[in-house]
Amino acid sequence: MKVAIIGAGLSGLCCAHELERNGITPEIFEERSRTGELFPHVSAMMELFIRPYRDPVQYLDKEFGIKLKPLYKMKKVEMRMPGIQRTVNGDLGYFFSRGQYKDSVEDQLTKLVKSKINYNVHANFDELCKKYDHVIVCTGNNKVARTLSLWDNLFHSYLRGAVVLGKFETDKLIMWFNKKYNDTGYAYLTPFNEEMASLVLIVRNIGPEELDDYWHLFWENGNFDYKIIENFTLEHSSGLVYPHKLDNIILAGNAGGFLEPFLGFGQINAIRSGVYAAQSITQGKDYEKLLQPLNTDVSRSTVLREYLNISSNRSINMVTWAATLPGMKQLIYNSRLDVMKYGTGMLKMLDKLTGERISRQ
Ligand SMILES: Cc1cc2nc3c(=O)[nH]c(=O)nc-3n(C[C@H](O)[C@H](O)[C@H](O)COP(=O)(O)OP(=O)(O)OC[C@H]3O[C@@H](n4cnc5c(N)ncnc54)[C@H](O)[C@@H]3O)c2cc1C
């Protein structure tokens with residue numbers, strides 16, 4: 001059986017790994033000269049998003065045989081809003097290095113895969129689907145889904161990221177929510193080490209030319225004394241894709257609409273959808289059925305996103321305050337409760353108190 005994978009990112013490499021475990025050697029095409037984003041950053045893998053499981057690293061190993069070594073454990077999340085600051089503690093997830101460096105997620109996955117990766121090849125799905133039995137599109141963007149008219153936009157934003165020098169705690173994620181400088185997006189800081197961190201601002205519904213103003217406002221409000229040593233700007237979109245398989249073309253990862261629209265997290269979904277794409281081939285399973293839990297997660301995340309879109313700073317403060325009350329904090333951050341499932345219900349209740357409305361359920 002001839003299988004082509006376009007893109008050697010998270011979904012493409014995990015798809016290849018799963019195919020190999022079942023005796024199929026795919027051909028992988030990657031347009032870069034090596035795997036990994038061109039800019040370094042530190043991503044967060046939060047256990048909140050894999051409930052009822054508790055540990056993302058153990059989950060990926062146990063479910064898919066994918067062993068990943070994180071940079072650090074995440075033990076604290078600090079949320080900074082205009083009138084309120086809250087910290088939660090516990091086993092909250094992990095930080096991972098991303099980019100073209102040794103031990104980045106992409107570097108670790110590349111080492112797990114034995115199939116040849118054809119670098120410096122910009123692959124065209126149209127041509128490949130005539131030559132291969134299956135073509136898995138793992139390009140990290142929506143171009144193929146849009147070309148095939150399968151894409152429905154959910155969230156469009158611009159993202160400014162920077163590598164900054166300063167003093168940082170290696171177990172702490174800091175998040176900022178403030179309508180003033182990120183509209184309905186947010187900002188976050190993740191640690192490379194005690195002296196270096198990744199600082200990212202995501203702003204919704206703006207053009208690239210407006211990003212500078214928001215970035216300056218964010219720095220002014222944060223009163224940071226960090227030193228920037230590198231920065232980058234990116235377009236970030238999430239959307240709904242249906243169907244995820246058309247003839248012999250299968251879409252996975254961000255290309256399949258699995259970048260969740262609430263916080264723009266997509267690592268676990270990319271890994272899972274890449275593996276499921278492989279399983280749909282090796283085990284003859286219905287890809288759409290395998291994707292059901294991911295689709296449910298994305299639609300719950302859409303409810304949270306819509307809540308953020310319509311909420312005022314006051315309302316976001318109130319939700320954060322309620323979610324960090326002693327008993328509630330324990331339940332949300334240190335239990336097996338499926339927060340994505342019950343959190344959307346809780347939001348609707350709080351919604352009534354604040355007088356704001358979520359449009360879609
Ligand atoms: C700055 C930033 C911070 C993030 N932080 C987090 C986070 O903290 N937590 C989280 O869960 N998620 C985070 N994400 C999202 C997460 O990184 C993505 O959802 C995930 O990488 C998607 O995996 P993928 O396989 O779909 O695409 P990618 O990992 O982007 O891989 C796509 C690959 O396809 C290649 N490619 C594209 N087109 C072609 C072509 N035509 N031919 C050949 N090769 C091609 C690209 O070069 C690339 O290597 C972040 C994303 C960014 C940009």
# chains A, B, ... in the order shown; residues from 1 in each chain; ligands from 1

call {"tool": "select_by_dssp", "arguments": {"residues": "range 36-83 of chain A", "states": "helix (DSSP H, G or I)", "output": "list in words"}}
result
Glu47, Leu48, Phe49, Ile50, Pro56, Val57, Gln58, Tyr59, Leu60, Asp61, Lys62, Glu63 and Phe64 of chain A

call {"tool": "write_last_selection", "arguments": {"atoms": "C-alpha atoms", "output": "mmCIF file, in the first residue's frame"}}
result
data_model
loop_
_atom_site.group_PDB
_atom_site.id
_atom_site.type_symbol
_atom_site.label_atom_id
_atom_site.label_comp_id
_atom_site.auth_asym_id
_atom_site.auth_seq_id
_atom_site.Cartn_x
_atom_site.Cartn_y
_atom_site.Cartn_z
ATOM 1 C CA GLU A 47 -3.886 18.071 31.646
ATOM 2 C CA LEU A 48 -7.206 19.941 31.761
ATOM 3 C CA PHE A 49 -7.684 19.107 28.092
ATOM 4 C CA ILE A 50 -7.298 15.323 28.305
ATOM 5 C CA PRO A 56 -0.619 13.986 29.082
ATOM 6 C CA VAL A 57 2.835 12.366 28.841
ATOM 7 C CA GLN A 58 1.600 9.056 30.276
ATOM 8 C CA TYR A 59 -1.545 9.276 28.153
ATOM 9 C CA LEU A 60 0.405 9.600 24.872
ATOM 10 C CA ASP A 61 2.718 6.756 25.830
ATOM 11 C CA LYS A 62 -0.017 4.412 27.019
ATOM 12 C CA GLU A 63 -2.507 5.096 24.217
ATOM 13 C CA PHE A 64 -0.208 5.523 21.226
#

call {"tool": "residues_near_ligand", "arguments": {"ligand": "ligand 1", "cutoff": "7 Å", "atoms": "only C-alpha atoms and all ligand atoms", "output": "compact mmCIF listing (two decimals) with N, CA and C atoms, in the first residue's frame"}}
result
# COMPACT_ATOMS: atom_id res chain seq x y z
N ILE A 6 1.88 14.60 3.82
CA ILE A 6 2.38 15.95 3.51
C ILE A 6 2.56 16.70 4.83
N GLY A 7 3.80 16.98 5.19
CA GLY A 7 4.09 17.72 6.42
C GLY A 7 4.67 16.84 7.51
N ALA A 8 5.89 17.16 7.94
CA ALA A 8 6.52 16.41 9.03
C ALA A 8 6.46 17.22 10.32
N GLY A 9 5.23 17.63 10.68
CA GLY A 9 5.01 18.29 11.97
C GLY A 9 4.45 17.25 12.93
N LEU A 10 3.71 17.70 13.92
CA LEU A 10 3.23 16.78 14.96
C LEU A 10 2.30 15.71 14.40
N SER A 11 1.29 16.13 13.63
CA SER A 11 0.32 15.13 13.15
C SER A 11 0.97 14.20 12.13
N GLY A 12 1.79 14.75 11.22
CA GLY A 12 2.42 13.93 10.17
C GLY A 12 3.36 12.89 10.76
N PHE A 29 6.71 14.06 3.03
CA PHE A 29 7.23 15.24 2.32
C PHE A 29 7.20 16.45 3.26
N GLU A 30 8.30 17.13 3.34
CA GLU A 30 8.40 18.30 4.24
C GLU A 30 9.06 19.45 3.48
N GLU A 31 8.40 20.60 3.48
CA GLU A 31 8.95 21.70 2.68
C GLU A 31 10.14 22.40 3.33
N ARG A 32 10.30 22.25 4.64
CA ARG A 32 11.46 22.87 5.29
C ARG A 32 12.70 21.96 5.11
N THR A 35 12.85 19.30 10.40
CA THR A 35 11.55 19.41 11.07
C THR A 35 11.58 20.52 12.14
N GLY A 36 10.42 21.05 12.43
CA GLY A 36 10.29 22.07 13.48
C GLY A 36 10.06 23.46 12.93
N GLU A 37 9.28 24.24 13.71
CA GLU A 37 9.01 25.64 13.37
C GLU A 37 10.34 26.38 13.25
N HIS A 41 9.99 28.28 20.57
CA HIS A 41 9.06 28.69 21.61
C HIS A 41 8.81 27.52 22.56
N VAL A 42 8.12 27.80 23.64
CA VAL A 42 7.81 26.75 24.62
C VAL A 42 6.30 26.60 24.68
N SER A 43 5.83 25.39 24.42
CA SER A 43 4.38 25.19 24.42
C SER A 43 3.94 24.55 25.74
N ALA A 44 2.66 24.68 25.99
CA ALA A 44 2.08 24.10 27.20
C ALA A 44 1.18 22.94 26.80
N MET A 45 1.30 21.83 27.52
CA MET A 45 0.38 20.72 27.31
C MET A 45 -0.37 20.58 28.63
N VAL A 121 10.78 19.71 -0.02
CA VAL A 121 9.80 19.41 -1.07
C VAL A 121 8.46 20.03 -0.68
N HIS A 122 8.01 20.98 -1.49
CA HIS A 122 6.68 21.53 -1.29
C HIS A 122 5.72 20.62 -2.04
N ALA A 123 5.00 19.77 -1.30
CA ALA A 123 4.18 18.75 -1.96
C ALA A 123 2.81 19.30 -2.35
N ASN A 124 2.30 18.79 -3.45
CA ASN A 124 1.00 19.21 -3.95
C ASN A 124 0.02 18.04 -3.82
N CYS A 138 -1.10 16.92 6.42
CA CYS A 138 -0.73 17.31 7.79
C CYS A 138 0.07 18.61 7.73
N THR A 139 -0.43 19.57 6.95
CA THR A 139 0.34 20.76 6.61
C THR A 139 0.31 21.85 7.68
N GLY A 140 -0.51 21.70 8.72
CA GLY A 140 -0.57 22.70 9.78
C GLY A 140 -1.31 23.96 9.38
N ASN A 141 -1.91 23.97 8.17
CA ASN A 141 -2.70 25.15 7.76
C ASN A 141 -3.96 24.69 7.01
N GLY A 161 4.97 36.64 18.86
CA GLY A 161 5.72 35.87 19.85
C GLY A 161 7.12 36.44 20.00
N VAL A 200 3.92 35.29 24.29
CA VAL A 200 3.08 35.27 23.09
C VAL A 200 1.80 36.07 23.34
N LEU A 234 2.70 35.67 13.35
CA LEU A 234 2.06 34.56 12.64
C LEU A 234 0.56 34.79 12.53
N ALA A 252 -5.55 15.91 8.77
CA ALA A 252 -5.26 15.73 10.21
C ALA A 252 -4.58 16.98 10.77
N GLY A 253 -4.53 17.06 12.11
CA GLY A 253 -3.88 18.21 12.76
C GLY A 253 -4.60 19.51 12.45
N ASN A 254 -3.87 20.61 12.44
CA ASN A 254 -4.49 21.90 12.14
C ASN A 254 -5.19 21.88 10.78
N ALA A 255 -4.64 21.12 9.83
CA ALA A 255 -5.24 21.04 8.49
C ALA A 255 -6.63 20.41 8.55
N LEU A 259 -7.12 22.67 15.69
CA LEU A 259 -6.55 23.68 16.58
C LEU A 259 -7.74 24.24 17.36
N GLY A 264 -6.26 28.22 21.41
CA GLY A 264 -5.35 27.99 20.29
C GLY A 264 -4.37 26.87 20.57
N PHE A 265 -4.77 25.89 21.40
CA PHE A 265 -3.93 24.74 21.65
C PHE A 265 -4.23 23.67 20.60
N GLY A 266 -3.20 22.96 20.18
CA GLY A 266 -3.48 21.97 19.14
C GLY A 266 -2.56 20.77 19.15
N GLN A 267 -1.63 20.73 20.11
CA GLN A 267 -0.63 19.65 20.07
C GLN A 267 -1.26 18.27 20.24
N ILE A 268 -2.06 18.11 21.30
CA ILE A 268 -2.60 16.77 21.57
C ILE A 268 -3.56 16.36 20.45
N ALA A 270 -3.43 17.32 17.38
CA ALA A 270 -2.63 17.01 16.18
C ALA A 270 -2.10 15.57 16.28

call {"tool": "closest_residue", "arguments": {"among": "A:Phe262, A:Tyr276, A:Trp215, A:Tyr307", "to": "Phe155 in chain A", "atoms": "only C-alpha atoms"}}
result
A:Phe262

call {"tool": "residues_around", "arguments": {"residues": "Asp286 in chain A", "least_positions_apart": "6", "cutoff": "12 Å", "atoms": "only C-alpha atoms", "output": "number ranges by chain"}}
result
A: 243-245, 250, 276-280, 292

call {"tool": "write_last_selection", "arguments": {"atoms": "N, CA and C atoms", "output": "PDB file, in the first residue's frame"}}
result
ATOM      1  N   PRO A 243     -16.276  16.824   5.361  1.00  0.00           N
ATOM      2  CA  PRO A 243     -15.727  15.676   6.073  1.00  0.00           C
ATOM      3  C   PRO A 243     -14.203  15.775   6.165  1.00  0.00           C
ATOM      4  N   HIS A 244     -13.612  14.903   6.968  1.00  0.00           N
ATOM      5  CA  HIS A 244     -12.152  14.916   7.111  1.00  0.00           C
ATOM      6  C   HIS A 244     -11.471  13.961   6.137  1.00  0.00           C
ATOM      7  N   LYS A 245     -12.288  13.247   5.373  1.00  0.00           N
ATOM      8  CA  LYS A 245     -11.733  12.317   4.373  1.00  0.00           C
ATOM      9  C   LYS A 245     -12.541  12.495   3.092  1.00  0.00           C
ATOM     10  N   ILE A 250      -6.933  12.497   3.293  1.00  0.00           N
ATOM     11  CA  ILE A 250      -7.321  12.519   4.714  1.00  0.00           C
ATOM     12  C   ILE A 250      -6.670  13.740   5.369  1.00  0.00           C
ATOM     13  N   TYR A 276      -5.077   8.622  14.446  1.00  0.00           N
ATOM     14  CA  TYR A 276      -6.366   8.088  13.971  1.00  0.00           C
ATOM     15  C   TYR A 276      -6.388   7.988  12.431  1.00  0.00           C
ATOM     16  N   ALA A 277      -5.745   8.951  11.766  1.00  0.00           N
ATOM     17  CA  ALA A 277      -5.682   8.883  10.293  1.00  0.00           C
ATOM     18  C   ALA A 277      -4.983   7.577   9.896  1.00  0.00           C
ATOM     19  N   ALA A 278      -3.887   7.266  10.586  1.00  0.00           N
ATOM     20  CA  ALA A 278      -3.160   6.015  10.291  1.00  0.00           C
ATOM     21  C   ALA A 278      -4.041   4.808  10.601  1.00  0.00           C
ATOM     22  N   GLN A 279      -4.736   4.842  11.746  1.00  0.00           N
ATOM     23  CA  GLN A 279      -5.574   3.686  12.129  1.00  0.00           C
ATOM     24  C   GLN A 279      -6.729   3.479  11.155  1.00  0.00           C
ATOM     25  N   SER A 280      -7.214   4.587  10.583  1.00  0.00           N
ATOM     26  CA  SER A 280      -8.320   4.429   9.623  1.00  0.00           C
ATOM     27  C   SER A 280      -7.828   3.646   8.399  1.00  0.00           C
ATOM     28  N   GLN A 292     -14.598  11.389  16.624  1.00  0.00           N
ATOM     29  CA  GLN A 292     -15.730  11.891  17.400  1.00  0.00           C
ATOM     30  C   GLN A 292     -15.328  12.626  18.693  1.00  0.00           C
TER      31      GLN A 292
END

call {"tool": "residues_around", "arguments": {"residues": "Cys14 in chain A", "least_positions_apart": "4", "cutoff": "6 Å", "atoms": "only C-alpha atoms", "output": "MDAnalysis selection string"}}
result
chainID A and resid 271 274:275

call {"tool": "closest_residue", "arguments": {"among": "A:Glu220, A:Ser33, A:Lys143, A:Glu106", "to": "Phe125 in chain A", "atoms": "only C-alpha atoms"}}
result
A:Lys143

call {"tool": "atom_distance", "arguments": {"atom1": "CA of Ser115 in chain A", "atom2": "CA of Glu288 in chain A"}}
result
26.1 Å

call {"tool": "atom_distance", "arguments": {"atom1": "CA of Leu109 in chain A", "atom2": "CA of Asp171 in chain A"}}
result
23.5 Å

call {"tool": "closest_residue", "arguments": {"among": "A:Met1, A:Val163, A:Val105, A:Ile66", "to": "Tyr132 in chain A", "atoms": "only C-alpha atoms"}}
result
A:Met1

call {"tool": "closest_residue", "arguments": {"among": "A:Ile202, A:Leu294, A:Leu19, A:Ile281", "to": "Glu235 in chain A", "atoms": "only C-alpha atoms"}}
result
A:Ile202

call {"tool": "select_by_dssp", "arguments": {"residues": "range 139-342 of chain A", "states": "strand (DSSP E)", "output": "ChimeraX atom specification"}}
result
/A:151-165,172-176,186-191,196-204,227-241,245-246,249-251

call {"tool": "closest_residue", "arguments": {"among": "A:Ile206, A:Ala162, A:Ser149, A:Ile117", "to": "Asn231 in chain A", "atoms": "only C-alpha atoms"}}
result
A:Ala162
